[in-house]
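K.L.:
Dropping the structure in here first, questions after.
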Amino acid sequence: MHVLKNIVSLLFVLLLSVPLVFAGGQEEEAPGDEIVELTVWFGRENFIPDDAFDAFHEQYPNIRVNVDVIPLEQALTEASTALSAGTGPDLLQTDSRRIPPLVEAGLLYPMDEQIQIWREEAPDNYNAISSAGWAHGNYNGTQYGVAIFSGPFNHVYRKDALEGTGLDVPDTWEEMLDVARQLNDAPGFYGYAVRGPTSTVWFSSHYMSMGGTYDENNVIQLDSEAGIYALDFYQTLVEEGLISDDVLAWGSGDMRAAFITGRAAMAPIGNNIFPNIQEELEYGVEWGAVPPLYREGHEDEYRYASLGWPMVATVATEHPYEVGLVLRYLAENDHAMSVARRYQPTTVTTVWDDPAYLAEQPWAADFAEPLRNMTPTPPNLYITQMDQIVLDALGEVMSDTSADPAAVAARYQEQLNALFE
Amino acid sequence: MKLGFSTTSVHWRKRVLPYALVLPSTVFVLGILGYAIGVAVKDSLHRYPMLATTGTFVGLDNYVNLFQTPNFQNSVVVTFVFVFGTVILGMALSFVLALSLFNLSTRARLFRTLTLVPYLISGVAAAVIWRFLFNSDAGFVNLVLRSIGADPVKWLSDGTNALIVVTLANTWKIFPMSTVLLLAGLQVIDKDLYDAATVDGANGTQVFVHITLPLLSNYLATSLIWLTFASFNMFAIIFPLTAGGPVRATEVMALYMYRLAFGELNFSLASAVMILLLALNLFFSLLFIRLFRHREV
């Protein structure tokens, strides 16, 4: 009987404690203390800051950032699938040229309002971002995010090879061809290395530096004077044997390896590879780099092309303000610098003059000024189709050195224009 | 009563059990494949705006557009050269190697295992090996050519040569499986038949033509189907080796389909290419089965 009485008492106490437990739980889940979970897709592991959001989590204990790496090349299709299934990220990184398809499919979230709040709440952080950084996250006047990292291709050269033959660093593409011709004498050694018709971004960098422009639909103008010149330039490289016989099958790794291992005297290489070159060669002694050259007589049409990899908000987000906070964190000097030291240049201008950054990267001082004047490679709704057409044109002039670049340009321009008809 | 139970049991075991045993795998394979094919057929009959999930029914327009596209026409030609190059070369090599392995002594049977090595290497690794071999500047093949005083060849940057290289690489990668299939066929042929033929005075050629070949017909058909299937669908070697270049010279249908889907984000046209590839695979499989239907010796 005594035991039964104890059991009944225990049950009674338990029964009474249930509402207390729930009341306690309600207190813990008060709106102000709600944990906000954000999913962020980076396009490369290298874009993640060194502290991997530790400082952010310390500053904002109620926001949890979950990071994933989805390669830039797959971001479009992966985001499309995931967002359609309701499992997409709040923030994703993409090639800025590919923003239009995402916008047209209704997958991106306009961040203008949050950017305005950012400007008001953290003006220093906001103002530190270069115009190219903002431009890469903008499409048709709407800001979908911002590119904290944006990089150009530069003209790198083997200082040892040039000085050994008494040649100067060229200023123009015409001079570059002459230098390449003079350096191209040893078997297996080439004056220049470039990626062939397997990617358009190197070609568009050359094209823009040669004065090439894009029309109102952001379509490349192959049949313009600069377009024909650019195609002729690539054809000349093949025709005169100034580049490897294998160039038509080359990837970017082949081009970089040719330069680093001393099989090519010059090449167009992005700043992200500079740390790798520096591991093998000493900057200023064995190698050097300058922004892309210009076309003789067309200096005023020169543009220093940049590619951008903006972080853009998606329609999956229910927390745009918190997404804005993540962008601010990524744009902070130290976090942006932690990536720029080992990978792509940042658009955060305070990094460019940071003594720690300048001390670590011997080329940084040479590029501080040019980086302020970059022109974003424009986005395009049909970028994937446009790229294929440009590759076909480039492939044709490089594989058939008797082909007339002007005729090839005219034929492929028709295909490009047809994309918008 | 006991007899009745036994009859039912035997009947069940002979008539029902086999179907019951294959049912799970059949449902598994057809379920997944059937769904994929169903979706591809539907997508190939619709046109979708880029990255959209809903599209407009366009009937056979996507197929008509495909056949009018020069790049697709090119991929069909490249595919047939690539597939039949591989099939002819692969079958010849498989036959020779299977017969050699069959006649090996027991102690040398390690070679049977070694034969399978190319098949076990990943496609990407195989492509890298072949890239090293045929690099114009520092590739092994050109080094050999130089050492004998010959001019180096542009293997990967010349369209015809590149197609030859990818065909060789593909053959090297997939022919070991057809060799194993033929070897299995050789091992189940009753040796008494050979003895009887020898007693009757048949020479080696007659034995091969009238005993070996007919009794291998099922295995030949399976080998041909394997070589054809694997080649029509090959992507893993070509993409890292040439990426379809130079200038689309090695862009087979499987690669063209990939470019349409993940390069141009045109999933409707890519689905149409997939259906056409499936139809080609089916056609040649049925053709080989019919051609090599088992004949009595």
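By convention in this document, the chains of the structure tokens carry letters A, B, ... by their order, each chain's residues are numbered from 1, and ligands are numbered from 1 in the order they are shown.
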Considering only C-alpha atoms, extract the chain A residues located within 6 Å of chain B and return them as a ChimeraX atom specification.
P.N.:
/A:105,246,248-249,384-385,395
K.L.:
Please extract the residues of range 23-170 of chain A with a backbone DSSP assignment of strand (DSSP E or B) and present them as a PyMOL selection string.
P.N.:
chain A and resi 36-42+63-69+91-93+108+129+138-139+142-143+145-146+149-151+153-158
K.L.:
Just list the residues in range 87-265 of chain B DSSP gives alpha helix (DSSP H) on the backbone, as an MDAnalysis selection string.
P.N.:
chainID B and resid 87:102 110:115 117:120 123:134 140:147 159:187 191:199 204:207 213:232 238:241 253:258
K.L.:
For a test of reading the model, state the distance in Å between CA of Phe28 in chain B and CA of Ile174 in chain B, rounded to one decimal.
P.N.:
25.9 Å
K.L.:
Can you tell me how far CA of Tyr304 in chain A sits from CA of Ile220 in chain A, in Å to one decimal?
P.N.:
15.6 Å
K.L.:
Show me, as a compact mmCIF listing (two decimals) with all heavy atoms, in the first residue's frame, the residues that have an atom within 9 Å of range 38-54 of chain A when counting only C-alpha atoms, minus same-chain residues fewer than 4 positions from it.
P.N.:
```
# COMPACT_ATOMS: atom_id res chain seq x y z
N GLU A 58 30.64 33.81 -33.71
CA GLU A 58 30.88 34.44 -32.40
C GLU A 58 30.12 35.76 -32.31
O GLU A 58 29.50 36.07 -31.30
CB GLU A 58 32.38 34.70 -32.26
CG GLU A 58 32.88 34.62 -30.83
CD GLU A 58 34.40 34.62 -30.80
OE1 GLU A 58 35.00 33.58 -31.17
OE2 GLU A 58 34.95 35.66 -30.44
N GLN A 59 30.15 36.49 -33.41
CA GLN A 59 29.48 37.80 -33.43
C GLN A 59 27.96 37.65 -33.47
O GLN A 59 27.23 38.44 -32.87
CB GLN A 59 29.96 38.60 -34.64
CG GLN A 59 29.51 40.05 -34.63
CD GLN A 59 30.05 40.82 -35.84
OE1 GLN A 59 30.84 40.29 -36.63
NE2 GLN A 59 29.63 42.07 -35.97
N ILE A 63 22.88 33.03 -35.57
CA ILE A 63 22.90 32.68 -37.00
C ILE A 63 23.90 31.55 -37.22
O ILE A 63 25.05 31.64 -36.80
CB ILE A 63 23.29 33.88 -37.89
CG1 ILE A 63 22.39 35.08 -37.59
CG2 ILE A 63 23.19 33.50 -39.37
CD1 ILE A 63 22.81 36.35 -38.32
N ARG A 64 23.42 30.51 -37.84
CA ARG A 64 24.29 29.35 -38.11
C ARG A 64 24.49 29.27 -39.62
O ARG A 64 23.52 29.12 -40.37
CB ARG A 64 23.58 28.11 -37.58
CG ARG A 64 24.31 26.81 -37.71
CD ARG A 64 25.31 26.59 -36.60
NE ARG A 64 26.57 26.17 -37.21
CZ ARG A 64 27.76 26.33 -36.67
NH1 ARG A 64 27.87 26.89 -35.49
NH2 ARG A 64 28.84 25.91 -37.29
N VAL A 65 25.73 29.37 -40.07
CA VAL A 65 26.01 29.29 -41.52
C VAL A 65 26.52 27.90 -41.86
O VAL A 65 27.54 27.46 -41.32
CB VAL A 65 27.05 30.36 -41.93
CG1 VAL A 65 27.37 30.23 -43.42
CG2 VAL A 65 26.54 31.75 -41.61
N ASN A 66 25.81 27.23 -42.72
CA ASN A 66 26.25 25.91 -43.20
C ASN A 66 26.85 26.07 -44.59
O ASN A 66 26.20 26.59 -45.49
CB ASN A 66 25.06 24.94 -43.25
CG ASN A 66 24.42 24.78 -41.89
OD1 ASN A 66 25.10 24.53 -40.90
ND2 ASN A 66 23.11 24.98 -41.81
N VAL A 67 28.06 25.63 -44.72
CA VAL A 67 28.80 25.85 -45.96
C VAL A 67 28.88 24.58 -46.79
O VAL A 67 29.06 23.49 -46.25
CB VAL A 67 30.23 26.34 -45.62
CG1 VAL A 67 31.11 26.35 -46.85
CG2 VAL A 67 30.16 27.73 -45.01
N ASP A 68 28.72 24.74 -48.09
CA ASP A 68 28.90 23.61 -49.00
C ASP A 68 29.69 24.13 -50.20
O ASP A 68 29.70 25.33 -50.47
CB ASP A 68 27.54 23.07 -49.46
CG ASP A 68 27.63 21.61 -49.90
OD1 ASP A 68 28.76 21.12 -50.06
OD2 ASP A 68 26.58 20.97 -50.08
N VAL A 69 30.36 23.23 -50.90
CA VAL A 69 31.11 23.65 -52.09
C VAL A 69 30.48 23.00 -53.32
O VAL A 69 30.49 21.78 -53.46
CB VAL A 69 32.61 23.26 -52.00
CG1 VAL A 69 33.36 23.65 -53.27
CG2 VAL A 69 33.25 23.94 -50.79
N ILE A 70 29.91 23.82 -54.17
CA ILE A 70 29.36 23.36 -55.45
C ILE A 70 30.17 24.05 -56.54
O ILE A 70 30.14 25.28 -56.64
CB ILE A 70 27.86 23.76 -55.59
CG1 ILE A 70 27.04 23.23 -54.41
CG2 ILE A 70 27.29 23.27 -56.92
CD1 ILE A 70 26.95 21.73 -54.30
N PRO A 71 30.93 23.28 -57.33
CA PRO A 71 31.79 23.90 -58.34
C PRO A 71 31.06 24.93 -59.19
O PRO A 71 29.89 24.71 -59.57
CB PRO A 71 32.26 22.71 -59.18
CG PRO A 71 32.18 21.55 -58.25
CD PRO A 71 31.00 21.82 -57.35
N LEU A 72 31.73 26.02 -59.49
CA LEU A 72 31.13 27.11 -60.26
C LEU A 72 30.48 26.61 -61.56
O LEU A 72 29.42 27.08 -61.95
CB LEU A 72 32.20 28.14 -60.62
CG LEU A 72 32.75 28.97 -59.46
CD1 LEU A 72 34.04 29.66 -59.86
CD2 LEU A 72 31.72 29.98 -59.00
N GLU A 73 31.13 25.63 -62.18
CA GLU A 73 30.63 25.11 -63.46
C GLU A 73 29.28 24.41 -63.30
O GLU A 73 28.53 24.27 -64.24
CB GLU A 73 31.64 24.11 -64.05
CG GLU A 73 33.00 24.69 -64.38
CD GLU A 73 33.89 24.89 -63.16
OE1 GLU A 73 33.51 24.42 -62.06
OE2 GLU A 73 34.95 25.53 -63.29
N GLN A 74 29.00 23.93 -62.09
CA GLN A 74 27.75 23.20 -61.87
C GLN A 74 26.71 24.04 -61.14
O GLN A 74 25.59 23.57 -60.88
CB GLN A 74 28.02 21.95 -61.04
CG GLN A 74 28.92 20.94 -61.73
CD GLN A 74 29.42 19.89 -60.77
OE1 GLN A 74 28.86 19.66 -59.71
NE2 GLN A 74 30.52 19.26 -61.11
N ALA A 75 27.08 25.27 -60.76
CA ALA A 75 26.20 26.06 -59.90
C ALA A 75 24.81 26.27 -60.53
O ALA A 75 23.79 26.17 -59.84
CB ALA A 75 26.85 27.40 -59.60
N GLY A 88 17.25 24.56 -51.94
CA GLY A 88 18.36 25.37 -52.43
C GLY A 88 19.02 26.19 -51.33
O GLY A 88 18.50 26.29 -50.22
N PRO A 89 20.17 26.76 -51.66
CA PRO A 89 20.89 27.57 -50.67
C PRO A 89 20.29 28.96 -50.52
O PRO A 89 19.53 29.41 -51.38
CB PRO A 89 22.28 27.66 -51.28
CG PRO A 89 22.02 27.65 -52.76
CD PRO A 89 20.84 26.75 -52.96
N ASP A 90 20.66 29.65 -49.44
CA ASP A 90 20.25 31.04 -49.27
C ASP A 90 21.14 31.94 -50.11
O ASP A 90 20.71 32.97 -50.62
CB ASP A 90 20.39 31.44 -47.80
CG ASP A 90 19.46 30.65 -46.90
OD1 ASP A 90 18.31 31.06 -46.73
OD2 ASP A 90 19.88 29.57 -46.42
N LEU A 91 22.38 31.53 -50.22
CA LEU A 91 23.37 32.34 -50.92
C LEU A 91 24.22 31.39 -51.75
O LEU A 91 24.63 30.34 -51.25
CB LEU A 91 24.24 33.02 -49.87
CG LEU A 91 25.07 34.25 -50.21
CD1 LEU A 91 24.20 35.37 -50.77
CD2 LEU A 91 25.80 34.76 -48.96
N LEU A 92 24.45 31.74 -53.02
CA LEU A 92 25.28 30.86 -53.83
C LEU A 92 26.28 31.68 -54.62
O LEU A 92 26.03 32.84 -54.94
CB LEU A 92 24.43 29.98 -54.75
CG LEU A 92 23.82 30.53 -56.02
CD1 LEU A 92 24.77 30.34 -57.19
CD2 LEU A 92 22.52 29.81 -56.33
N GLN A 93 27.38 31.05 -54.94
CA GLN A 93 28.41 31.71 -55.72
C GLN A 93 28.34 31.22 -57.16
O GLN A 93 28.21 30.01 -57.39
CB GLN A 93 29.80 31.41 -55.14
CG GLN A 93 30.90 32.25 -55.75
CD GLN A 93 32.22 32.08 -55.03
OE1 GLN A 93 32.50 31.03 -54.47
NE2 GLN A 93 33.05 33.11 -55.06
N THR A 94 28.41 32.13 -58.08
CA THR A 94 28.34 31.75 -59.50
C THR A 94 29.27 32.63 -60.32
O THR A 94 29.77 33.64 -59.83
CB THR A 94 26.88 31.87 -60.01
OG1 THR A 94 26.83 31.48 -61.38
CG2 THR A 94 26.37 33.30 -59.90
N ASP A 95 29.49 32.24 -61.54
CA ASP A 95 30.21 33.06 -62.51
C ASP A 95 29.25 34.21 -62.84
O ASP A 95 28.09 33.98 -63.18
CB ASP A 95 30.49 32.17 -63.74
CG ASP A 95 31.07 32.93 -64.91
OD1 ASP A 95 31.09 34.17 -64.87
OD2 ASP A 95 31.50 32.26 -65.86
N PHE A 149 35.29 38.67 -54.88
CA PHE A 149 36.50 38.29 -55.61
C PHE A 149 36.27 38.43 -57.11
O PHE A 149 35.23 38.02 -57.63
CB PHE A 149 36.91 36.85 -55.27
CG PHE A 149 37.09 36.68 -53.79
CD1 PHE A 149 36.10 36.12 -53.00
CD2 PHE A 149 38.24 37.15 -53.18
CE1 PHE A 149 36.24 36.03 -51.64
CE2 PHE A 149 38.40 37.06 -51.81
CZ PHE A 149 37.40 36.50 -51.03
N TRP A 309 33.03 36.40 -59.45
CA TRP A 309 32.33 35.25 -58.88
C TRP A 309 31.48 35.73 -57.71
O TRP A 309 31.84 35.52 -56.53
CB TRP A 309 33.36 34.20 -58.46
CG TRP A 309 34.23 33.83 -59.62
CD1 TRP A 309 33.94 32.94 -60.61
CD2 TRP A 309 35.50 34.38 -59.94
NE1 TRP A 309 34.96 32.92 -61.52
CE2 TRP A 309 35.93 33.78 -61.14
CE3 TRP A 309 36.34 35.34 -59.34
CZ2 TRP A 309 37.14 34.10 -61.75
CZ3 TRP A 309 37.54 35.65 -59.95
CH2 TRP A 309 37.94 35.04 -61.13
N MET A 311 28.57 36.39 -54.86
CA MET A 311 27.68 35.63 -53.99
C MET A 311 26.31 36.27 -54.19
O MET A 311 26.15 37.47 -53.98
CB MET A 311 28.08 35.76 -52.52
CG MET A 311 29.51 35.39 -52.20
SD MET A 311 29.90 33.64 -52.45
CE MET A 311 28.80 32.82 -51.33
N THR A 317 15.76 31.98 -49.69
CA THR A 317 16.04 32.59 -48.40
C THR A 317 14.80 33.23 -47.77
O THR A 317 14.01 33.88 -48.45
CB THR A 317 17.19 33.62 -48.48
OG1 THR A 317 17.59 33.93 -47.15
CG2 THR A 317 16.79 34.87 -49.22
N HIS A 319 15.56 34.84 -44.90
CA HIS A 319 16.28 35.74 -44.00
C HIS A 319 17.22 36.64 -44.78
O HIS A 319 18.44 36.56 -44.63
CB HIS A 319 17.07 34.91 -42.97
CG HIS A 319 16.25 33.89 -42.26
ND1 HIS A 319 15.37 34.21 -41.24
CD2 HIS A 319 16.14 32.55 -42.44
CE1 HIS A 319 14.77 33.11 -40.81
NE2 HIS A 319 15.22 32.09 -41.53
N GLU A 322 19.90 38.59 -42.71
CA GLU A 322 21.02 37.76 -42.26
C GLU A 322 21.94 37.41 -43.42
O GLU A 322 23.16 37.33 -43.27
CB GLU A 322 20.49 36.49 -41.58
CG GLU A 322 19.92 36.70 -40.18
CD GLU A 322 18.51 37.28 -40.19
OE1 GLU A 322 17.93 37.50 -41.28
OE2 GLU A 322 17.97 37.52 -39.09
N VAL A 323 21.35 37.22 -44.61
CA VAL A 323 22.17 36.97 -45.80
C VAL A 323 23.08 38.19 -46.06
O VAL A 323 24.26 38.05 -46.37
CB VAL A 323 21.26 36.68 -47.02
CG1 VAL A 323 22.05 36.79 -48.33
CG2 VAL A 323 20.65 35.29 -46.91
N VAL A 326 26.03 38.07 -43.85
CA VAL A 326 27.07 37.14 -44.35
C VAL A 326 27.92 37.85 -45.41
O VAL A 326 29.15 37.74 -45.41
CB VAL A 326 26.43 35.85 -44.93
CG1 VAL A 326 27.48 35.00 -45.63
CG2 VAL A 326 25.75 35.05 -43.83
N TYR A 329 30.30 40.10 -43.73
CA TYR A 329 31.40 39.34 -43.12
C TYR A 329 32.45 38.99 -44.19
O TYR A 329 33.65 39.16 -43.99
CB TYR A 329 30.84 38.08 -42.46
CG TYR A 329 31.83 36.95 -42.30
CD1 TYR A 329 32.73 36.91 -41.22
CD2 TYR A 329 31.88 35.91 -43.23
CE1 TYR A 329 33.65 35.88 -41.09
CE2 TYR A 329 32.79 34.88 -43.11
CZ TYR A 329 33.67 34.87 -42.05
OH TYR A 329 34.58 33.85 -41.92
N LEU A 330 31.98 38.50 -45.33
CA LEU A 330 32.91 38.11 -46.40
C LEU A 330 33.70 39.31 -46.92
O LEU A 330 34.83 39.16 -47.38
CB LEU A 330 32.15 37.45 -47.55
CG LEU A 330 31.50 36.09 -47.25
CD1 LEU A 330 30.58 35.67 -48.39
CD2 LEU A 330 32.57 35.02 -47.02
N ASP A 334 39.95 41.49 -43.31
CA ASP A 334 40.76 40.32 -42.96
C ASP A 334 40.27 39.04 -43.63
O ASP A 334 41.08 38.20 -44.05
CB ASP A 334 40.77 40.12 -41.43
CG ASP A 334 41.60 41.21 -40.76
OD1 ASP A 334 42.21 42.01 -41.48
OD2 ASP A 334 41.61 41.25 -39.52
N HIS A 335 38.95 38.89 -43.71
CA HIS A 335 38.41 37.67 -44.33
C HIS A 335 38.67 37.66 -45.83
O HIS A 335 39.05 36.63 -46.40
CB HIS A 335 36.92 37.53 -44.02
CG HIS A 335 36.64 37.50 -42.55
ND1 HIS A 335 37.30 36.66 -41.69
CD2 HIS A 335 35.81 38.24 -41.78
CE1 HIS A 335 36.88 36.87 -40.46
NE2 HIS A 335 35.97 37.83 -40.48
N ALA A 336 38.44 38.81 -46.46
CA ALA A 336 38.70 38.90 -47.91
C ALA A 336 40.19 38.68 -48.18
O ALA A 336 40.57 37.99 -49.14
CB ALA A 336 38.25 40.25 -48.44
N MET A 337 41.03 39.26 -47.30
CA MET A 337 42.48 39.13 -47.51
C MET A 337 42.94 37.68 -47.33
O MET A 337 43.85 37.23 -48.02
CB MET A 337 43.23 40.05 -46.55
CG MET A 337 44.72 40.13 -46.87
SD MET A 337 45.54 41.50 -46.06
CE MET A 337 45.58 40.96 -44.36
N SER A 338 42.30 36.97 -46.41
CA SER A 338 42.73 35.59 -46.17
C SER A 338 42.56 34.73 -47.43
O SER A 338 43.33 33.79 -47.67
CB SER A 338 41.96 34.98 -44.99
OG SER A 338 40.63 34.65 -45.35
N VAL A 339 41.57 35.09 -48.26
CA VAL A 339 41.37 34.36 -49.52
C VAL A 339 42.32 34.91 -50.60
O VAL A 339 42.96 34.14 -51.32
CB VAL A 339 39.90 34.49 -49.99
CG1 VAL A 339 39.72 33.89 -51.38
CG2 VAL A 339 38.97 33.81 -49.00
N ALA A 340 42.41 36.25 -50.65
CA ALA A 340 43.23 36.88 -51.70
C ALA A 340 44.71 36.51 -51.58
O ALA A 340 45.42 36.49 -52.58
CB ALA A 340 43.06 38.39 -51.64
N ARG A 342 45.96 33.68 -51.02
CA ARG A 342 46.26 32.37 -51.60
C ARG A 342 45.49 32.07 -52.87
O ARG A 342 45.73 31.05 -53.51
CB ARG A 342 45.98 31.26 -50.57
CG ARG A 342 44.58 31.27 -50.01
CD ARG A 342 44.31 30.14 -49.04
NE ARG A 342 43.21 30.44 -48.13
CZ ARG A 342 41.94 30.40 -48.45
NH1 ARG A 342 41.58 30.08 -49.68
NH2 ARG A 342 41.01 30.70 -47.55
N TYR A 343 44.53 32.97 -53.24
CA TYR A 343 43.70 32.63 -54.39
C TYR A 343 43.38 33.87 -55.23
O TYR A 343 44.29 34.54 -55.66
CB TYR A 343 42.44 31.91 -53.89
CG TYR A 343 41.67 31.16 -54.94
CD1 TYR A 343 42.32 30.34 -55.86
CD2 TYR A 343 40.29 31.26 -55.02
CE1 TYR A 343 41.61 29.66 -56.83
CE2 TYR A 343 39.56 30.58 -55.98
CZ TYR A 343 40.23 29.79 -56.89
OH TYR A 343 39.52 29.11 -57.86
N GLN A 344 42.11 34.15 -55.43
CA GLN A 344 41.74 35.21 -56.38
C GLN A 344 41.84 36.60 -55.73
O GLN A 344 41.65 36.74 -54.53
CB GLN A 344 40.28 35.00 -56.83
CG GLN A 344 40.06 33.76 -57.67
CD GLN A 344 40.63 33.86 -59.08
OE1 GLN A 344 41.27 34.87 -59.43
NE2 GLN A 344 40.46 32.82 -59.88
```
K.L.:
Hey, can you check how far CA of Ser205 in chain A sits from CA of Ala305 in chain A?
P.N.:
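Here the two named atoms are 5.4 Å from each other.
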K.L.:
Contacts of range 313-316 of chain A at 10 Å or less, counting only C-alpha atoms, minus same-chain residues fewer than 4 places along, as a PyMOL selection string?
P.N.:
chain A and resi 39-40+79+82-84+86-93+102-103+106-111+137+143-146+320+323-324+327
K.L.:
With N, CA and C atoms retained, write the just-selected residues as a short mmCIF file (atom, residue, chain, number, x, y, z; two decimals), in the first residue's frame.
P.N.:
```
data_model
loop_
_atom_site.label_atom_id
_atom_site.label_comp_id
_atom_site.auth_asym_id
_atom_site.auth_seq_id
_atom_site.Cartn_x
_atom_site.Cartn_y
_atom_site.Cartn_z
N THR A 39 22.24 28.47 -45.55
CA THR A 39 23.10 27.58 -46.34
C THR A 39 23.80 28.43 -47.41
N VAL A 40 25.11 28.29 -47.45
CA VAL A 40 25.91 29.08 -48.42
C VAL A 40 26.71 28.12 -49.29
N ALA A 79 21.80 24.57 -58.66
CA ALA A 79 20.91 25.52 -57.98
C ALA A 79 19.50 25.39 -58.52
N ALA A 82 18.01 22.17 -57.05
CA ALA A 82 17.80 22.25 -55.61
C ALA A 82 16.70 23.26 -55.27
N LEU A 83 16.70 24.41 -55.96
CA LEU A 83 15.70 25.42 -55.65
C LEU A 83 14.30 24.96 -56.07
N SER A 84 14.23 24.23 -57.18
CA SER A 84 12.93 23.69 -57.60
C SER A 84 12.40 22.70 -56.57
N GLY A 86 12.99 22.90 -53.45
CA GLY A 86 12.83 23.58 -52.16
C GLY A 86 13.98 23.34 -51.20
N THR A 87 15.13 22.91 -51.73
CA THR A 87 16.27 22.63 -50.85
C THR A 87 17.48 23.48 -51.22
N GLY A 88 17.25 24.56 -51.94
CA GLY A 88 18.36 25.37 -52.43
C GLY A 88 19.02 26.19 -51.33
N PRO A 89 20.17 26.76 -51.66
CA PRO A 89 20.89 27.57 -50.67
C PRO A 89 20.29 28.96 -50.52
N ASP A 90 20.66 29.65 -49.44
CA ASP A 90 20.25 31.04 -49.27
C ASP A 90 21.14 31.94 -50.11
N LEU A 91 22.38 31.53 -50.22
CA LEU A 91 23.37 32.34 -50.92
C LEU A 91 24.22 31.39 -51.75
N LEU A 92 24.45 31.74 -53.02
CA LEU A 92 25.28 30.86 -53.83
C LEU A 92 26.28 31.68 -54.62
N GLN A 93 27.38 31.05 -54.94
CA GLN A 93 28.41 31.71 -55.72
C GLN A 93 28.34 31.22 -57.16
N LEU A 102 19.75 32.61 -64.28
CA LEU A 102 19.18 32.40 -62.95
C LEU A 102 18.07 33.42 -62.67
N VAL A 103 18.29 34.66 -63.11
CA VAL A 103 17.29 35.71 -62.90
C VAL A 103 16.04 35.40 -63.73
N GLY A 106 13.74 33.05 -62.40
CA GLY A 106 13.11 33.47 -61.14
C GLY A 106 13.73 32.83 -59.92
N LEU A 107 15.04 32.57 -59.96
CA LEU A 107 15.69 31.85 -58.86
C LEU A 107 16.49 32.77 -57.93
N LEU A 108 16.66 34.05 -58.32
CA LEU A 108 17.45 34.95 -57.48
C LEU A 108 16.57 35.95 -56.75
N TYR A 109 17.06 36.38 -55.61
CA TYR A 109 16.32 37.30 -54.74
C TYR A 109 16.96 38.70 -54.84
N PRO A 110 16.17 39.72 -55.20
CA PRO A 110 16.74 41.07 -55.30
C PRO A 110 17.19 41.55 -53.92
N MET A 111 18.42 42.02 -53.84
CA MET A 111 18.99 42.40 -52.54
C MET A 111 19.16 43.91 -52.40
N GLY A 137 27.64 41.72 -59.42
CA GLY A 137 26.44 41.18 -58.75
C GLY A 137 25.17 41.83 -59.23
N GLN A 143 20.43 44.62 -57.90
CA GLN A 143 21.59 44.04 -57.23
C GLN A 143 21.18 42.72 -56.56
N TYR A 144 21.76 41.63 -57.04
CA TYR A 144 21.42 40.32 -56.47
C TYR A 144 22.46 39.84 -55.46
N GLY A 145 23.57 40.54 -55.40
CA GLY A 145 24.63 40.17 -54.48
C GLY A 145 25.85 40.99 -54.80
N VAL A 146 27.00 40.49 -54.44
CA VAL A 146 28.23 41.24 -54.70
C VAL A 146 29.38 40.25 -54.90
N PRO A 320 16.67 37.54 -45.58
CA PRO A 320 17.54 38.38 -46.41
C PRO A 320 18.48 39.27 -45.60
N VAL A 323 21.35 37.22 -44.61
CA VAL A 323 22.17 36.97 -45.80
C VAL A 323 23.08 38.19 -46.06
N GLY A 324 22.50 39.38 -45.85
CA GLY A 324 23.29 40.60 -46.00
C GLY A 324 24.44 40.63 -45.00
N LEU A 327 27.27 38.60 -46.30
CA LEU A 327 28.01 39.34 -47.33
C LEU A 327 28.97 40.33 -46.68
#
```
K.L.:
Out of B:Ala126, B:Ile211, B:Ala249, B:Val96, which residue has the shortest atom-to-atom distance to Leu168 in chain B when counting only C-alpha atoms?
P.N.:
B:Ala126
